[in-house]
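Trainee: A single structure is presented below for examination.
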Amino acid sequence: MQRAIAVVSVLLSCFAVAAAQSSPEILVERHLLRADRLMESGDPKGALELMKKIMLLQMAFGVTLPDEFPLNHARVALSAGSIGEAIDAANGYLVQAGREGRFYRKALELLEEAERMEQLQTWFGAEKMCVGQPKGASCWMEVTGEPDCHVWNHNLQPDEIVTWTGKCAEGKAYGEGTTRWVYDGGKKTLVATGTLKDGRVHGPWVLHWPDGKVEEGSYADWKRQGRWVIRNANGEVEEGPYVNGKKHGQWVVRKANGEVEHLTFENDKRLGTSGRSRN
């Protein structure tokens with residue numbers, strides 16, 4: 001109890017100067033406006049900080065918040081990855097407003113989505129979902145049209161979506177099938193056929209790239225492992241081993257003009273050419 005009183009006292013002092021310049025109600029409106037702008041600019045975490053400031057104002061000064069505030073709070077918290085906070089906010093509205101509440105159905109939808117995200121956190125632990133992640137991130141991507149099915153994306157691309165023809169269980173794709181990765185505004189498509197294990201590539205795969213290149217080889221623990229064959233669109237063929245996802249060892253490059261190169265790689269770094277010949 002004493003701690004709660006101390007917290008309120010600190011809050012009152014923190015907002016005293018601001019409140020002297022603007023009423024708490026105006027500060028709330030300004031924070032709401034800024035939160036909307038941050039959401040539009042892709043900064044849900046910044047918007048969530050403003051939601052918390054608004055609740056502090058309500059606690060310190062008894063400000064009456066808009067009826068839809070708990071829903072905005074839940075939406076922002078969900079986007080920021082604060083799932084428990086989103087569930088509490090949506091539940092808070094449902095308990096307070098009841099079935100007659102103006103935003104009852106919207107609150108139910110937000111609660112359902114938050115609980116689904118909570119289940120995904122249980123399945124994926126600390127590993128990231130792809131929503132909101134930057135280009136090149138490694139994350140779990142939701143299969144288009146399959147909200148409870150995900151595949152591991154080790155190199156996220158702009159505006160990327162993925163489809164999967166195989167099965168799903170406990171939130172992850174598995175078994176044999178084909179993935180289609182569409183990205184760069186729909187301009188490029190990678191079609192890959194093989195086996196997924198717990199949502200990650202495993203075993204033999206064939207990859208057809210947008211530029212016409214075709215790659216064949218195997219994965220172990222979603223990293224390239226063993227001998228791969230790479231057929232480039234210009235007729236050049238590369239063959240050699242991968243170790244833990246990197247070119248390592250002796251590679252042979254057969255060019256379209258009949259020339260053959262023997263290359264040596266170490267952890268993806270080319271060390272040199274050990275010889276050239278012609279067929």
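Residues are referred to by chain and number: the chain letter is A, B, ... according to the order shown in the structure tokens, the number counts from 1 in that chain, and ligands are numbered separately from 1 in the order shown.
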Taking only region 99-165 of chain A into account, list the residues labelled strand (DSSP E or B) by DSSP (computed from the backbone), as a short mmCIF file (atom, residue, chain, number, x, y, z; two decimals) with N, CA and C atoms, in the first residue's frame.
Mentor:
data_model
loop_
_atom_site.label_atom_id
_atom_site.label_comp_id
_atom_site.auth_asym_id
_atom_site.auth_seq_id
_atom_site.Cartn_x
_atom_site.Cartn_y
_atom_site.Cartn_z
N MET A 129 8.66 -13.69 -34.88
CA MET A 129 7.75 -13.77 -36.00
C MET A 129 8.20 -12.74 -37.03
N CYS A 139 13.23 -15.50 -39.19
CA CYS A 139 11.99 -15.41 -38.41
C CYS A 139 10.98 -16.44 -38.92
N TRP A 140 9.89 -16.59 -38.16
CA TRP A 140 8.80 -17.48 -38.56
C TRP A 140 7.78 -16.71 -39.39
N MET A 141 7.51 -17.21 -40.58
CA MET A 141 6.56 -16.55 -41.49
C MET A 141 5.27 -17.36 -41.58
N GLU A 142 4.16 -16.65 -41.46
CA GLU A 142 2.86 -17.30 -41.57
C GLU A 142 2.57 -17.66 -43.01
N VAL A 143 2.12 -18.88 -43.24
CA VAL A 143 1.75 -19.33 -44.58
C VAL A 143 0.47 -18.62 -45.00
N GLU A 146 -3.15 -19.75 -44.18
CA GLU A 146 -3.04 -20.76 -43.12
C GLU A 146 -2.53 -20.07 -41.85
N PRO A 147 -3.40 -19.39 -41.09
CA PRO A 147 -2.95 -18.61 -39.94
C PRO A 147 -2.27 -19.40 -38.84
N ASP A 148 -2.48 -20.71 -38.79
CA ASP A 148 -1.84 -21.53 -37.76
C ASP A 148 -0.76 -22.43 -38.35
N CYS A 149 -0.16 -21.97 -39.47
CA CYS A 149 0.91 -22.73 -40.11
C CYS A 149 2.05 -21.77 -40.46
N HIS A 150 3.28 -22.14 -40.08
CA HIS A 150 4.41 -21.25 -40.27
C HIS A 150 5.62 -22.02 -40.80
N VAL A 151 6.45 -21.32 -41.55
CA VAL A 151 7.72 -21.87 -42.02
C VAL A 151 8.83 -20.90 -41.62
N TRP A 152 10.02 -21.45 -41.45
CA TRP A 152 11.17 -20.64 -41.04
C TRP A 152 11.76 -19.95 -42.26
N ASN A 153 11.87 -18.62 -42.16
CA ASN A 153 12.46 -17.81 -43.23
C ASN A 153 13.80 -17.30 -42.72
N ILE A 161 5.62 -13.06 -49.09
CA ILE A 161 4.59 -13.99 -48.63
C ILE A 161 5.02 -15.39 -49.05
N VAL A 162 4.45 -16.41 -48.41
CA VAL A 162 4.81 -17.78 -48.74
C VAL A 162 3.56 -18.66 -48.71
N THR A 163 3.52 -19.63 -49.63
CA THR A 163 2.48 -20.67 -49.61
C THR A 163 3.17 -22.02 -49.45
N TRP A 164 2.40 -23.01 -49.00
CA TRP A 164 2.94 -24.34 -48.72
C TRP A 164 1.89 -25.38 -49.10
#
Trainee: From region 28-99 of chain A, collect each residue whose DSSP state is alpha helix (DSSP H) and return the set as a ChimeraX atom specification.
Mentor: /A:28-40,44-61,69-79,83-97
Trainee: Please identify all polymer residues within 12 Å of Leu271 (chain A), counting only C-alpha atoms, omitting same-chain residues fewer than 4 positions from it, and present them as a ChimeraX atom specification.
Mentor: /A:247-251,262-267
Trainee: Taking only C-alpha atoms into account, name the residue in A:Val201, A:Ile87, A:Leu207, A:Cys168 that is nearest to Ala74 (chain A).
Mentor: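 Selected residue with least distance to Ala74 (chain A): A:Ile87.
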Trainee: Can you pull out the residues contacting Lys197 (chain A)? Cut-off 7 Å, using only C-alpha atoms, and skip same-chain residues under 4 positions away; I want them as a PyMOL selection string.
Mentor: chain A and resi 174-175+201-202
Trainee: So which one's closest to Arg116 (chain A), A:Ala86, A:Asp159, A:Ala256, A:His31? Using only C-alpha atoms, please.
Mentor: A:Ala86
Trainee: Excluding same-chain residues fewer than 6 positions from Lys187 (chain A), what lies within 12 Å of it counting only C-alpha atoms, as number ranges by chain?
Mentor: A: 157-161, 181, 210-211
Trainee: Export, as a CSV table (one decimal), in the first residue's frame, the selected residues with N, CA and C atoms.
Mentor:
chain,number,residue,atom,x,y,z
A,157,GLN,N,12.6,-11.0,-47.1
A,157,GLN,CA,12.6,-10.1,-48.2
A,157,GLN,C,11.4,-9.1,-48.1
A,158,PRO,N,11.5,-7.9,-48.8
A,158,PRO,CA,10.5,-6.9,-48.7
A,158,PRO,C,9.1,-7.5,-49.3
A,159,ASP,N,8.1,-7.2,-48.6
A,159,ASP,CA,6.7,-7.6,-49.0
A,159,ASP,C,6.6,-9.1,-49.3
A,160,GLU,N,7.3,-9.9,-48.6
A,160,GLU,CA,7.3,-11.4,-48.9
A,160,GLU,C,6.1,-12.1,-48.3
A,161,ILE,N,5.6,-13.1,-49.1
A,161,ILE,CA,4.6,-14.0,-48.6
A,161,ILE,C,5.0,-15.4,-49.1
A,181,TRP,N,7.8,-18.6,-52.5
A,181,TRP,CA,8.2,-17.4,-51.9
A,181,TRP,C,8.0,-16.2,-52.9
A,210,PRO,N,14.1,-16.9,-59.3
A,210,PRO,CA,13.5,-16.0,-60.3
A,210,PRO,C,14.4,-15.7,-61.6
A,211,ASP,N,15.7,-15.8,-61.4
A,211,ASP,CA,16.6,-15.5,-62.5
A,211,ASP,C,16.9,-16.7,-63.4
Trainee: Counting only C-alpha atoms, which residue out of A:Leu196, A:Ala173, A:Ala137, A:Val237 sits closest to Lys213 (chain A)?
Mentor: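 Of A:Leu196, A:Ala173, A:Ala137, A:Val237, the one nearest Lys213 (chain A), counting only C-alpha atoms, is A:Val237.
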Trainee: Using Å and a single decimal, report how far CA of Glu112 (chain A) sits from CA of Gly81 (chain A).
Mentor: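 Atom-to-atom, CA of Gly81 (chain A) to CA of Glu112 (chain A), that is 14.8 Å.
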Trainee: Measuring atom to atom with only C-alpha atoms, identify which of A:Val243, A:Val253, A:Ala107, A:Leu27 is nearest to Glu68 (chain A).
Mentor: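 Among the listed residues, A:Ala107 lies closest to Glu68 (chain A).
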Trainee: With the cut-off set at 12 Å and counting only C-alpha atoms, tabulate each residue of region 16-81 of chain A with an atom at most that distance from an atom of region 89-104 of chain A, showing the nearest atom pair and its distance in Å to one decimal, ordered by chain and increasing number, as a Markdown table.
Mentor:
| residue | atom | partner | partner_atom | distance |
| --- | --- | --- | --- | --- |
| A:Met51 | CA | A:Ala89 | CA | 11.0 |
| A:Lys52 | CA | A:Ala89 | CA | 11.6 |
| A:Met55 | CA | A:Ala89 | CA | 11.4 |
| A:Pro66 | CA | A:Tyr93 | CA | 11.5 |
| A:Asp67 | CA | A:Arg102 | CA | 8.4 |
| A:Glu68 | CA | A:Phe103 | CA | 7.2 |
| A:Phe69 | CA | A:Tyr93 | CA | 8.8 |
| A:Pro70 | CA | A:Ala89 | CA | 5.3 |
| A:Leu71 | CA | A:Ala90 | CA | 6.1 |
| A:Asn72 | CA | A:Ala89 | CA | 8.8 |
| A:His73 | CA | A:Ala89 | CA | 6.4 |
| A:Ala74 | CA | A:Ala89 | CA | 5.2 |
| A:Arg75 | CA | A:Ala90 | CA | 8.7 |
| A:Val76 | CA | A:Ala89 | CA | 10.2 |
| A:Ala77 | CA | A:Ala89 | CA | 8.7 |
| A:Leu78 | CA | A:Ala89 | CA | 10.1 |
Trainee: Which residue out of A:Gly185, A:Val131, A:Arg34, A:Met39 has the minimum interatomic distance to Lys53 (chain A) when only C-alpha atoms are used?
Mentor: A:Arg34
Trainee: Find the residue from A:Leu108, A:Asp198, A:Gly62, A:Ala80 that sits nearest to Leu38 (chain A); use only C-alpha atoms when measuring.
Mentor: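 The closest residue to Leu38 (chain A) is A:Ala80.
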